[in-house]
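The next block holds one structure in the form of C-alpha coordinates; read it before the comments.
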Amino acid sequence: MNAIAPAPGTTLPDPRVQQVVDRLTDQAGERDPDVMKRAFAAVADWAEPPSPAQAAELCEEASLPVDPQVGTYLYQMVRALRPSLVVEFGTSFGISTLYLAAALRDNGTGRVIGSEFQPGKARRALGHLAEAGLDHVAEIRVGDARTELNDLPGPIDLLLLDGWKELYLPVLQQLEPHLRDGALVVSDNLPMLPTEFLAHVRGPGYVSQELALGEGIEVSVRLAR
(Lines give C-alpha, C1' and ligand atoms only; values in the text may rest on other atoms or scores of the structure.)
Protein backbone atom coordinates (compact mmCIF):
# COMPACT_ATOMS: atom_id res chain seq x y z
CA MET A 1 0.00 0.00 0.00
CA ASN A 2 1.41 3.38 -0.97
CA ALA A 3 2.21 5.83 1.81
CA ILE A 4 0.06 8.95 1.91
CA ALA A 5 2.09 12.09 1.33
CA PRO A 6 1.82 14.64 4.14
CA ALA A 7 -0.53 17.50 3.50
CA PRO A 8 1.13 20.82 2.65
CA GLY A 9 1.35 23.38 5.41
CA THR A 10 -1.05 25.74 3.74
CA THR A 11 -3.90 25.01 1.35
CA LEU A 12 -5.72 28.25 0.59
CA PRO A 13 -7.94 27.86 -2.47
CA ASP A 14 -7.44 31.40 -3.79
CA PRO A 15 -4.13 31.69 -5.72
CA ARG A 16 -4.13 35.48 -5.33
CA VAL A 17 -4.22 35.21 -1.54
CA GLN A 18 -1.81 32.27 -1.52
CA GLN A 19 0.73 34.27 -3.50
CA VAL A 20 0.73 37.09 -0.95
CA VAL A 21 0.91 34.67 1.98
CA ASP A 22 3.80 32.73 0.44
CA ARG A 23 5.78 35.87 -0.34
CA LEU A 24 5.35 37.31 3.15
CA THR A 25 6.16 33.98 4.81
CA ASP A 26 9.33 33.63 2.75
CA GLN A 27 10.38 37.20 3.54
CA ALA A 28 9.83 36.59 7.24
CA GLY A 29 12.04 33.52 7.12
CA GLU A 30 14.82 35.55 5.52
CA ARG A 31 14.52 38.69 7.66
CA ASP A 32 13.08 37.83 11.07
CA PRO A 33 16.09 35.92 12.49
CA ASP A 34 18.37 38.93 12.03
CA VAL A 35 15.77 41.36 13.39
CA MET A 36 15.19 39.24 16.49
CA LYS A 37 18.94 38.71 17.00
CA ARG A 38 19.42 42.50 17.09
CA ALA A 39 16.44 42.89 19.43
CA PHE A 40 17.79 40.32 21.90
CA ALA A 41 21.23 41.93 21.79
CA ALA A 42 19.72 45.36 22.49
CA VAL A 43 18.04 44.21 25.71
CA ALA A 44 20.78 41.86 26.91
CA ASP A 45 22.01 44.26 29.59
CA TRP A 46 18.64 45.76 30.57
CA ALA A 47 17.78 45.46 34.24
CA GLU A 48 14.13 44.67 33.45
CA PRO A 49 12.46 42.88 30.53
CA PRO A 50 11.15 45.23 27.84
CA SER A 51 7.62 46.52 28.20
CA PRO A 52 5.07 45.63 25.49
CA ALA A 53 5.61 49.07 23.94
CA GLN A 54 9.40 48.66 23.98
CA ALA A 55 9.16 45.15 22.55
CA ALA A 56 6.87 46.39 19.77
CA GLU A 57 9.44 49.03 18.84
CA LEU A 58 12.33 46.56 18.91
CA CYS A 59 10.42 44.13 16.69
CA GLU A 60 8.94 46.72 14.34
CA GLU A 61 10.65 45.15 11.30
CA ALA A 62 9.88 41.56 12.29
CA SER A 63 6.88 39.92 10.66
CA LEU A 64 6.53 37.14 13.28
CA PRO A 65 3.99 35.22 11.16
CA VAL A 66 1.83 32.29 12.14
CA ASP A 67 3.14 28.96 10.93
CA PRO A 68 1.44 27.88 7.69
CA GLN A 69 -0.09 24.90 9.52
CA VAL A 70 -1.65 27.28 12.04
CA GLY A 71 -2.83 29.54 9.24
CA THR A 72 -4.52 26.64 7.49
CA TYR A 73 -6.16 25.60 10.76
CA LEU A 74 -7.51 29.13 11.22
CA TYR A 75 -8.88 29.08 7.69
CA GLN A 76 -10.55 25.72 8.33
CA MET A 77 -12.10 26.82 11.62
CA VAL A 78 -13.55 30.00 10.12
CA ARG A 79 -14.99 28.08 7.17
CA ALA A 80 -16.54 25.52 9.53
CA LEU A 81 -17.83 27.91 12.22
CA ARG A 82 -19.04 30.63 9.83
CA PRO A 83 -18.41 33.35 12.44
CA SER A 84 -19.89 36.81 12.23
CA LEU A 85 -17.02 38.41 14.16
CA VAL A 86 -13.39 37.32 14.41
CA VAL A 87 -11.03 39.34 16.63
CA GLU A 88 -7.25 39.19 16.50
CA PHE A 89 -4.73 40.40 19.07
CA GLY A 90 -1.39 40.97 17.35
CA THR A 91 -1.80 41.57 13.61
CA SER A 92 1.84 42.39 12.74
CA PHE A 93 2.20 42.35 8.93
CA GLY A 94 -1.17 40.66 8.56
CA ILE A 95 -0.31 37.09 7.54
CA SER A 96 -2.69 35.55 10.07
CA THR A 97 -5.28 38.15 9.09
CA LEU A 98 -5.03 37.02 5.48
CA TYR A 99 -5.97 33.45 6.45
CA LEU A 100 -8.89 34.68 8.57
CA ALA A 101 -10.14 37.21 6.03
CA ALA A 102 -9.85 34.72 3.15
CA ALA A 103 -12.10 32.29 5.01
CA LEU A 104 -14.63 35.00 5.85
CA ARG A 105 -14.71 36.16 2.22
CA ASP A 106 -15.11 32.58 1.04
CA ASN A 107 -17.96 32.10 3.52
CA GLY A 108 -19.66 35.20 2.14
CA THR A 109 -20.24 36.58 5.62
CA GLY A 110 -18.41 37.92 8.67
CA ARG A 111 -15.69 40.41 9.55
CA VAL A 112 -12.27 40.31 11.22
CA ILE A 113 -11.08 43.10 13.51
CA GLY A 114 -7.36 43.03 14.15
CA SER A 115 -5.23 45.07 16.52
CA GLU A 116 -1.63 46.21 16.11
CA PHE A 117 0.42 48.44 18.41
CA GLN A 118 2.80 49.69 15.71
CA PRO A 119 1.22 52.06 13.12
CA GLY A 120 3.81 51.09 10.51
CA LYS A 121 2.96 47.42 10.82
CA ALA A 122 -0.75 48.17 10.63
CA ARG A 123 -0.25 50.11 7.40
CA ARG A 124 1.69 47.22 5.88
CA ALA A 125 -0.97 44.75 6.95
CA LEU A 126 -3.71 46.83 5.36
CA GLY A 127 -1.68 47.01 2.17
CA HIS A 128 -1.27 43.24 2.11
CA LEU A 129 -5.00 42.74 2.64
CA ALA A 130 -5.76 45.13 -0.21
CA GLU A 131 -3.26 43.36 -2.46
CA ALA A 132 -5.02 40.06 -1.75
CA GLY A 133 -8.47 41.59 -2.35
CA LEU A 134 -9.55 41.09 1.27
CA ASP A 135 -9.57 44.58 2.73
CA HIS A 136 -13.38 44.79 2.51
CA VAL A 137 -13.81 42.14 5.23
CA ALA A 138 -11.04 43.34 7.56
CA GLU A 139 -10.35 46.22 9.93
CA ILE A 140 -7.15 46.86 11.88
CA ARG A 141 -7.21 49.04 14.97
CA VAL A 142 -3.95 50.74 15.90
CA GLY A 143 -2.81 50.99 19.51
CA ASP A 144 -3.09 49.04 22.73
CA ALA A 145 -5.57 46.19 22.23
CA ARG A 146 -6.79 46.66 25.80
CA THR A 147 -8.31 49.98 24.76
CA GLU A 148 -8.78 49.62 21.01
CA LEU A 149 -10.89 46.45 21.29
CA ASN A 150 -13.31 47.80 23.89
CA ASP A 151 -15.94 48.81 21.34
CA LEU A 152 -17.02 45.82 19.25
CA PRO A 153 -19.98 45.49 16.87
CA GLY A 154 -21.18 42.19 18.36
CA PRO A 155 -20.20 39.05 20.23
CA ILE A 156 -16.88 37.40 19.35
CA ASP A 157 -17.16 34.02 17.66
CA LEU A 158 -13.42 33.38 17.27
CA LEU A 159 -10.52 35.08 19.04
CA LEU A 160 -6.90 34.72 17.92
CA LEU A 161 -4.22 35.64 20.47
CA ASP A 162 -0.88 36.16 18.73
CA GLY A 163 0.68 39.27 20.24
CA TRP A 164 2.86 39.98 23.28
CA LYS A 165 2.56 36.83 25.39
CA GLU A 166 2.40 38.57 28.78
CA LEU A 167 -0.73 40.37 27.57
CA TYR A 168 -2.62 37.23 26.54
CA LEU A 169 -4.36 36.91 29.90
CA PRO A 170 -5.23 40.62 30.37
CA VAL A 171 -6.54 40.86 26.81
CA LEU A 172 -8.54 37.65 27.13
CA GLN A 173 -10.05 38.68 30.47
CA GLN A 174 -11.05 42.04 29.02
CA LEU A 175 -12.67 40.39 26.02
CA GLU A 176 -14.38 37.57 27.90
CA PRO A 177 -17.66 39.50 28.32
CA HIS A 178 -17.74 39.74 24.51
CA LEU A 179 -17.17 36.01 23.89
CA ARG A 180 -20.33 34.20 22.91
CA ASP A 181 -21.02 30.84 24.49
CA GLY A 182 -19.04 28.32 22.48
CA ALA A 183 -16.57 30.90 21.14
CA LEU A 184 -13.22 29.52 20.01
CA VAL A 185 -10.00 31.00 21.42
CA VAL A 186 -6.80 30.11 19.56
CA SER A 187 -3.54 31.02 21.32
CA ASP A 188 -0.34 30.80 19.28
CA ASN A 189 3.22 29.97 20.40
CA LEU A 190 2.33 27.48 23.11
CA PRO A 191 5.88 27.04 24.53
CA MET A 192 6.05 30.79 25.27
CA LEU A 193 2.67 31.14 26.99
CA PRO A 194 2.70 32.27 30.64
CA THR A 195 1.66 29.62 33.17
CA GLU A 196 -1.08 31.86 34.58
CA PHE A 197 -2.65 32.16 31.13
CA LEU A 198 -2.63 28.40 30.59
CA ALA A 199 -4.08 27.87 34.07
CA HIS A 200 -6.90 30.24 33.18
CA VAL A 201 -7.94 28.62 29.90
CA ARG A 202 -7.47 25.12 31.32
CA GLY A 203 -9.62 25.94 34.32
CA PRO A 204 -13.35 26.49 34.85
CA GLY A 205 -15.11 28.27 32.01
CA TYR A 206 -13.23 26.63 29.15
CA VAL A 207 -12.55 23.28 27.55
CA SER A 208 -8.99 23.52 26.29
CA GLN A 209 -6.27 21.41 24.72
CA GLU A 210 -2.97 21.86 22.94
CA LEU A 211 -2.50 21.01 19.29
CA ALA A 212 0.83 20.20 17.65
CA LEU A 213 0.60 22.73 14.85
CA GLY A 214 3.56 24.97 14.18
CA GLU A 215 5.30 25.56 17.51
CA GLY A 216 2.11 24.45 19.24
CA ILE A 217 -1.19 26.20 19.88
CA GLU A 218 -3.73 26.15 22.69
CA VAL A 219 -7.32 25.83 21.50
CA SER A 220 -10.03 26.69 24.01
CA VAL A 221 -13.83 26.71 23.81
CA ARG A 222 -15.68 29.19 26.02
CA LEU A 223 -18.40 27.46 28.02
CA ALA A 224 -21.80 28.91 28.81
CA ARG A 225 -21.84 31.13 31.88
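Ligands are numbered from 1 in the order shown, residues from 1 within each chain, and chains are lettered A, B, ... in the order they appear in the C-alpha coordinates.
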
What's the 8 Å shell around Asp157 in chain A, counting only C-alpha atoms, without same-chain residues fewer than 2 positions away, as a ChimeraX atom specification? /A:83-86,155,159,179-180,182-184

Would you kindly return, as JSON, numbers by chain, each protein, DNA or RNA residue with an atom no farther than 9 Å from any atom of Trp164 in chain A, considering only C-alpha atoms and excluding same-chain residues fewer than 5 positions away? {"A": [52, 55, 56, 89, 90]}

Distance query Glu215 in chain A at most 7 Å, only C-alpha atoms, self and fewer than 3 positions along chain excluded, as number ranges by chain: A: 189-190, 212

Convert the current residue selection to file output with N, CA and C atoms, as a JSON list (two decimals), in the first residue's frame.
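The new file selection.json reads:
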```
[["chain", "number", "residue", "atom", "x", "y", "z"],
["A", 189, "ASN", "N", 1.92, 30.04, 19.73],
["A", 189, "ASN", "CA", 3.22, 29.97, 20.40],
["A", 189, "ASN", "C", 3.13, 29.35, 21.79],
["A", 190, "LEU", "N", 2.59, 28.16, 21.85],
["A", 190, "LEU", "CA", 2.33, 27.48, 23.11],
["A", 190, "LEU", "C", 3.53, 27.43, 24.06],
["A", 212, "ALA", "N", -0.53, 20.16, 18.17],
["A", 212, "ALA", "CA", 0.83, 20.20, 17.65],
["A", 212, "ALA", "C", 0.85, 20.75, 16.23]]
```

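The gap separating CA of Pro191 in chain A from CA of Ala138 in chain A is 29.0 Å, in Å to one decimal.
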
With only C-alpha atoms as the counted atoms, please give the residues lying no more than 12 Å from Leu12 in chain A, apart from itself and same-chain residues fewer than 6 positions off, as an MDAnalysis selection string. chainID A and resid 18:22 68:69 71:76 79 98:103 106

What gap, in Å, lies between CA of Asp14 in chain A and CA of Ile95 in chain A?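 Distance between the two atoms: 14.6 Å.
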
Nearest to Arg111 in chain A, chosen from A:His200, A:His136, A:Arg16, A:Thr25, with only C-alpha atoms counted in the distances: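 Ranked by minimum distance to Arg111 in chain A, first place goes to A:His136.
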
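Within range 130-204 of chain A, residues classed as strand (DSSP E or B) by DSSP on backbone coordinates are Ala138, Glu139, Ile140, Arg141, Val142, Ile156, Asp157, Leu158, Leu159, Leu160, Leu161, Leu179, Arg180, Asp181, Gly182, Ala183, Leu184, Val185, Val186, Ser187 and Asp188 of chain A.
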
Nearest-residue call for Val185 in chain A, choices A:Val201, A:Leu211, A:Val142, A:Leu129, using only C-alpha atoms: A:Val201
